[in-house]
Amino acid sequence: MLIDNVTLLCDFLADIIKLIVPGAIIAILSALITVRLAIRRFHEEKWWEKKVESYTSIFEVLHRFKIYVSQHYDQQILRDRSEKQMGALEKEWRTTSREYARLRDLASFYLSKEALAILKAYENRKSKIRSEENDRFRRIEDDLEAVGECLKKLKEAAKKDLKIR
């Protein structure tokens with residue numbers, strides 16, 4: 001009788017284990033997979049946010065270059081070149097140039113290879129413009145064209161990199 005009761009108890013426990021263990025294993029594996037996927041998604045979203053921030057910062061600096069060149073061009077056409085205005089423009093240029101260099105170094109970690117190639121082409125074109133023996137108006141026009149083209153190409157590269165339309 002005692003052996004029968006022990007046997008029944010063992011059979012009962014075996015049946016319970018057969019029902020509970022697979023469910024517990026499945027629950028644990030599901031929880032682990034869900035947590036890993038959630039963490040991966042979190043990291044991808046944070047990385048995407050950093051990319052957006054990098055592109056935005058570069059766009060802002062390039063836009064400030066564009067404004068500077070436009071204002072410089074307007075002053076040349078109007079022959080309105082007071083020392084105070086030219087000094088303010090040059091100060092803005094130096095500040096923006098330093099900020100661009102800083103952002104360019106930081107952004108190289110986040111931007112696509114295509115975007116970095118566009119920025120490099122822009123920098124090369126700027127160097128070429130500065131080294132050419134053109135008149136002041138031609139240099140300013142070339143500079144304005146270079147920054148405009150860079151902004152346009154970079155915008156397309158950013159959309160592609162960020163997977164937005």
# chains A, B, ... in the order shown; residues from 1 in each chain; ligands from 1
>>> residues_around(residues="range 71-74 of chain A", least_positions_apart="5", cutoff="8 Å", atoms="only C-alpha atoms", output="list in words")
Leu89, Phe137, Ile140 and Glu141 of chain A
>>> write_last_selection(atoms="N, CA and C atoms", output="CSV table (one decimal), in the first residue's frame")
chain,number,residue,atom,x,y,z
A,89,LEU,N,31.2,90.1,-40.1
A,89,LEU,CA,31.1,89.0,-41.0
A,89,LEU,C,32.3,88.0,-40.9
A,137,PHE,N,34.3,88.6,-57.0
A,137,PHE,CA,32.9,88.2,-57.3
A,137,PHE,C,32.8,86.7,-57.7
A,140,ILE,N,33.2,84.4,-54.7
A,140,ILE,CA,32.0,84.4,-53.9
A,140,ILE,C,30.9,83.6,-54.5
A,141,GLU,N,30.7,83.8,-55.8
A,141,GLU,CA,29.7,83.0,-56.6
A,141,GLU,C,30.0,81.6,-56.5
>>> atom_distance(atom1="CA of Met86 in chain A", atom2="CA of Glu123 in chain A")
23.3 Å
>>> closest_atom_pairs(of="range 37-86 of chain A", to="range 100-117 of chain A", cutoff="12 Å", atoms="only C-alpha atoms", output="CSV")
residue,atom,partner,partner_atom,distance
A:Lys46,CA,A:Tyr110,CA,11.4
A:Trp47,CA,A:Tyr110,CA,8.1
A:Trp48,CA,A:Tyr110,CA,8.8
A:Glu49,CA,A:Tyr110,CA,10.0
A:Lys50,CA,A:Tyr110,CA,7.0
A:Lys51,CA,A:Tyr110,CA,5.3
A:Val52,CA,A:Tyr110,CA,8.9
A:Glu53,CA,A:Ala107,CA,9.1
A:Ser54,CA,A:Ala107,CA,5.5
A:Tyr55,CA,A:Leu111,CA,7.2
A:Thr56,CA,A:Ala107,CA,10.3
A:Ser57,CA,A:Leu103,CA,7.2
A:Ile58,CA,A:Leu103,CA,6.6
A:Phe59,CA,A:Tyr100,CA,9.8
A:Glu60,CA,A:Tyr100,CA,9.4
A:Val61,CA,A:Tyr100,CA,6.1
A:Leu62,CA,A:Tyr100,CA,7.8
A:His63,CA,A:Tyr100,CA,10.9
A:Arg64,CA,A:Tyr100,CA,9.9
A:Phe65,CA,A:Tyr100,CA,9.3
>>> closest_residue(among="A:Thr95, A:Gln85, A:Thr34, A:Asn124", to="Asp143 in chain A", atoms="only C-alpha atoms")
A:Asn124
>>> atom_distance(atom1="CA of Asp142 in chain A", atom2="CA of Lys128 in chain A")
10.0 Å
>>> closest_residue(among="A:Trp93, A:Glu44, A:Asp135, A:Lys18", to="Lys66 in chain A", atoms="only C-alpha atoms")
A:Trp93
